[in-house]
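As provided, structure33.cif (mmCIF, C-alpha atoms) reads as follows.
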```cif
data_final
loop_
_atom_site.label_atom_id
_atom_site.label_comp_id
_atom_site.auth_asym_id
_atom_site.auth_seq_id
_atom_site.Cartn_x
_atom_site.Cartn_y
_atom_site.Cartn_z
CA MET S 1 -56.05 10.45 11.45
CA LYS S 2 -57.47 13.76 12.71
CA ARG S 3 -56.25 13.04 16.21
CA LEU S 4 -52.78 12.25 14.87
CA TRP S 5 -52.75 15.51 12.86
CA LYS S 6 -53.81 17.56 15.89
CA LYS S 7 -51.24 15.87 18.09
CA TYR S 8 -48.23 16.33 15.76
CA LYS S 9 -49.29 19.53 13.97
CA ILE S 10 -46.77 21.55 15.97
CA LEU S 11 -43.91 19.29 14.79
CA ILE S 12 -44.94 18.87 11.15
CA PHE S 13 -44.84 22.56 10.16
CA PRO S 14 -41.30 23.23 11.43
CA ILE S 15 -40.10 20.04 9.74
CA LEU S 16 -41.67 21.09 6.43
CA ILE S 17 -40.16 24.57 6.72
CA LEU S 18 -36.75 23.05 7.51
CA ILE S 19 -36.98 20.71 4.50
CA GLY S 20 -37.96 23.66 2.27
CA PHE S 21 -35.05 25.73 3.57
CA ILE S 22 -32.55 22.89 3.03
CA ASN S 23 -33.83 22.32 -0.52
CA THR S 24 -33.59 26.04 -1.32
CA VAL S 25 -30.01 26.28 -0.03
CA TRP S 26 -29.03 23.12 -1.92
CA PHE S 27 -30.63 24.36 -5.15
CA PHE S 28 -28.89 27.74 -5.09
CA ASP S 29 -25.59 26.17 -4.12
CA LYS S 30 -25.75 23.72 -7.04
CA HIS S 31 -27.01 26.24 -9.59
CA SER S 32 -25.07 29.33 -8.63
CA ILE S 33 -22.39 30.54 -11.00
CA SER S 34 -19.81 33.15 -10.18
CA GLU S 35 -19.40 36.31 -12.26
CA GLU S 36 -15.99 35.10 -13.37
CA ASP S 37 -17.36 31.74 -14.55
CA PHE S 38 -20.21 33.51 -16.35
CA PHE S 39 -17.76 35.85 -18.11
CA ASN S 40 -15.35 33.00 -18.97
CA ASN S 41 -18.19 30.98 -20.45
CA ALA S 42 -19.29 33.99 -22.55
CA VAL S 43 -15.70 34.37 -23.81
CA LYS S 44 -15.62 30.68 -24.75
CA THR S 45 -18.91 30.96 -26.63
CA SER S 46 -17.68 34.01 -28.53
CA TYR S 47 -14.26 32.45 -29.19
CA ASN S 48 -15.75 29.26 -30.64
CA LYS S 49 -18.36 31.06 -32.73
CA SER S 50 -17.98 31.87 -36.40
CA TYR S 51 -20.09 34.04 -38.64
CA ASP S 52 -19.96 35.62 -42.04
CA GLY S 53 -22.48 37.87 -43.76
CA ILE S 54 -23.76 41.31 -44.66
CA ILE S 55 -25.53 43.39 -42.03
CA THR S 56 -29.07 43.95 -43.30
CA GLN S 57 -30.70 45.32 -40.13
CA LYS S 58 -29.87 46.76 -36.74
CA PHE S 59 -32.50 47.14 -34.04
CA TYR S 60 -33.10 47.13 -30.31
CA LYS S 61 -35.01 44.18 -28.88
CA LYS S 62 -36.97 45.30 -25.83
CA GLU S 63 -37.32 41.82 -24.35
CA GLY S 64 -33.95 41.18 -22.82
CA GLY S 65 -32.73 44.68 -23.69
CA ARG S 66 -30.40 43.65 -26.50
CA ASP S 67 -29.03 45.32 -29.59
CA ILE S 68 -29.57 42.93 -32.51
CA ILE S 69 -27.70 42.73 -35.80
CA VAL S 70 -29.17 40.69 -38.65
CA LEU S 71 -26.58 39.07 -40.94
CA GLU S 72 -27.49 37.59 -44.31
CA LYS S 73 -25.48 35.29 -46.52
CA ASN S 74 -26.83 33.24 -49.43
CA GLY S 75 -30.43 33.94 -48.40
CA ILE S 76 -29.89 32.70 -44.83
CA THR S 77 -30.41 35.29 -42.11
CA THR S 78 -28.90 35.09 -38.65
CA GLN S 79 -29.77 37.31 -35.71
CA MET S 80 -26.83 38.14 -33.48
CA ASP S 81 -26.54 40.13 -30.32
CA PHE S 82 -23.35 41.67 -29.06
CA VAL S 83 -24.53 41.73 -25.45
CA TYR S 84 -21.11 40.76 -24.08
CA GLN S 85 -19.15 43.17 -26.27
CA ASN S 86 -18.73 46.87 -25.73
CA PRO S 87 -21.79 48.84 -26.97
CA ILE S 88 -19.47 51.02 -29.06
CA LEU S 89 -18.88 48.04 -31.38
CA TYR S 90 -22.62 47.86 -32.11
CA GLN S 91 -22.72 51.60 -32.81
CA TYR S 92 -19.64 51.34 -35.04
CA LEU S 93 -21.11 48.68 -37.31
CA LYS S 94 -23.32 49.95 -40.14
CA VAL S 95 -26.00 48.38 -42.32
CA GLY S 96 -24.26 47.16 -45.48
CA ASP S 97 -21.01 46.19 -43.73
CA THR S 98 -19.77 42.64 -44.08
CA LEU S 99 -18.70 40.85 -40.90
CA ILE S 100 -16.35 37.89 -40.89
CA LYS S 101 -15.28 36.04 -37.77
CA THR S 102 -13.60 32.67 -37.88
CA LYS S 103 -13.86 30.00 -35.22
CA ASN S 104 -11.14 29.93 -32.50
CA SER S 105 -10.26 33.55 -33.06
CA ASN S 106 -10.81 36.86 -31.31
CA SER S 107 -10.57 38.85 -34.55
CA ILE S 108 -13.44 40.34 -36.54
CA VAL S 109 -13.03 41.59 -40.11
CA VAL S 110 -15.35 44.44 -41.09
CA LYS S 111 -15.62 45.25 -44.77
CA ARG S 112 -17.13 48.69 -45.29
CA ALA S 113 -19.22 48.79 -48.44
CA LYS S 114 -19.32 52.59 -48.83
CA LEU S 115 -15.63 53.14 -48.09
CA ASP S 116 -14.29 50.10 -49.99
CA THR S 117 -12.19 49.40 -46.90
CA THR S 118 -11.36 46.36 -44.77
CA ILE S 119 -10.97 46.87 -41.03
CA ASN S 120 -9.40 44.15 -38.88
CA LEU S 121 -10.53 44.30 -35.26
CA THR S 122 -7.96 42.15 -33.49
CA PHE S 123 -8.44 41.58 -29.80
CA GLU S 124 -5.67 39.01 -29.44
CA ASN S 125 -2.91 41.57 -28.86
CA LEU S 126 -4.46 43.23 -25.81
CA LYS S 127 -2.41 43.38 -22.64
CA GLY S 128 -3.00 40.30 -20.49
CA VAL S 129 -4.83 38.23 -23.14
CA LYS S 130 -2.23 35.44 -23.14
CA LYS S 131 -2.29 35.18 -19.35
CA TYR S 132 -6.09 35.25 -19.35
CA SER S 133 -6.27 32.57 -22.06
CA ILE S 134 -3.86 30.28 -20.21
CA ASN S 135 -5.78 30.61 -16.92
CA ASN S 136 -9.26 30.35 -18.45
CA PRO S 137 -10.53 26.76 -18.01
CA TYR S 138 -13.14 27.28 -20.74
CA LEU S 139 -10.54 27.97 -23.46
CA LYS S 140 -8.45 24.84 -22.90
CA ASN S 141 -10.31 22.68 -25.41
#
```
Let me see whether you can do it: turn the structure in this file into structure tokens.
Amino acid sequence: MKRLWKKYKILIFPILILIGFINTVWFFDKHSISEEDFFNNAVKTSYNKSYDGIITQKFYKKEGGRDIIVLEKNGITTQMDFVYQNPILYQYLKVGDTLIKTKNSNSIVVKRAKLDTTINLTFENLKGVKKYSINNPYLKN
């Protein structure tokens, strides 16, 4: 066995390196996702999500670098991050506000406790939304 190893040692290492290179290329090709697909999938997740509750906390989570909002309704708390939304939305929301978002909608209703006001944030009337929705393969279901 030692003689065989010494004889073919020069061939075995390049073959192993070639196999490793081919596996690496195959893995990244299979598991790569374009920026557009990543964004479209985030839109789908947000579009199909629903939530309802009062904001009880806002904080910054160091791991992952995310702004977190804690919603509570009927004693059930839910942590949400608005990582894909504009950071101004996170700054705009206040502790004590009620957030309502229904499934299959791009609208968020914010009920301000201190102002006794309801604010409808509708993102469905933005320029190009209809064209984007038609061409987005993730929103076809």
Can you translate the PyMOL selection byres ((chain S and resi 53-56) around 12) into the concrete residues it hits in this file, as a short mmCIF file (atom, residue, chain, number, x, y, z; two decimals) with C-alpha atoms, in the coordinates of the input?
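And here's result27.cif as it stands now:
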```cif
data_model
loop_
_atom_site.label_atom_id
_atom_site.label_comp_id
_atom_site.auth_asym_id
_atom_site.auth_seq_id
_atom_site.Cartn_x
_atom_site.Cartn_y
_atom_site.Cartn_z
CA SER S 50 -17.98 31.87 -36.40
CA TYR S 51 -20.09 34.04 -38.64
CA ASP S 52 -19.96 35.62 -42.04
CA GLN S 57 -30.70 45.32 -40.13
CA LYS S 58 -29.87 46.76 -36.74
CA PHE S 59 -32.50 47.14 -34.04
CA ILE S 68 -29.57 42.93 -32.51
CA ILE S 69 -27.70 42.73 -35.80
CA VAL S 70 -29.17 40.69 -38.65
CA LEU S 71 -26.58 39.07 -40.94
CA GLU S 72 -27.49 37.59 -44.31
CA LYS S 73 -25.48 35.29 -46.52
CA ASN S 74 -26.83 33.24 -49.43
CA GLY S 75 -30.43 33.94 -48.40
CA ILE S 76 -29.89 32.70 -44.83
CA THR S 77 -30.41 35.29 -42.11
CA THR S 78 -28.90 35.09 -38.65
CA GLN S 79 -29.77 37.31 -35.71
CA MET S 80 -26.83 38.14 -33.48
CA TYR S 90 -22.62 47.86 -32.11
CA LEU S 93 -21.11 48.68 -37.31
CA LYS S 94 -23.32 49.95 -40.14
CA VAL S 95 -26.00 48.38 -42.32
CA GLY S 96 -24.26 47.16 -45.48
CA ASP S 97 -21.01 46.19 -43.73
CA THR S 98 -19.77 42.64 -44.08
CA LEU S 99 -18.70 40.85 -40.90
CA ILE S 100 -16.35 37.89 -40.89
CA LYS S 101 -15.28 36.04 -37.77
CA THR S 102 -13.60 32.67 -37.88
CA ILE S 108 -13.44 40.34 -36.54
CA VAL S 109 -13.03 41.59 -40.11
CA VAL S 110 -15.35 44.44 -41.09
CA LYS S 111 -15.62 45.25 -44.77
CA ARG S 112 -17.13 48.69 -45.29
CA ALA S 113 -19.22 48.79 -48.44
#
```
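The gap separating atom CA of Pro87 of chain S from atom CA of Val43 of chain S is 16.0 Å, in Å to one decimal.
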**Request:** Have a look at S:Ser34, S:Ile119, S:Asn41, S:Ile17 and name the one nearest to Tyr84 of chain S; count all atoms listed in the file.
**Result:** S:Asn41
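Remark: for Lys103 of chain S, the closest of the candidate residues S:Lys7, S:Lys49, S:Lys61, S:Arg66 is S:Lys49 (distances computed over only C-alpha atoms).
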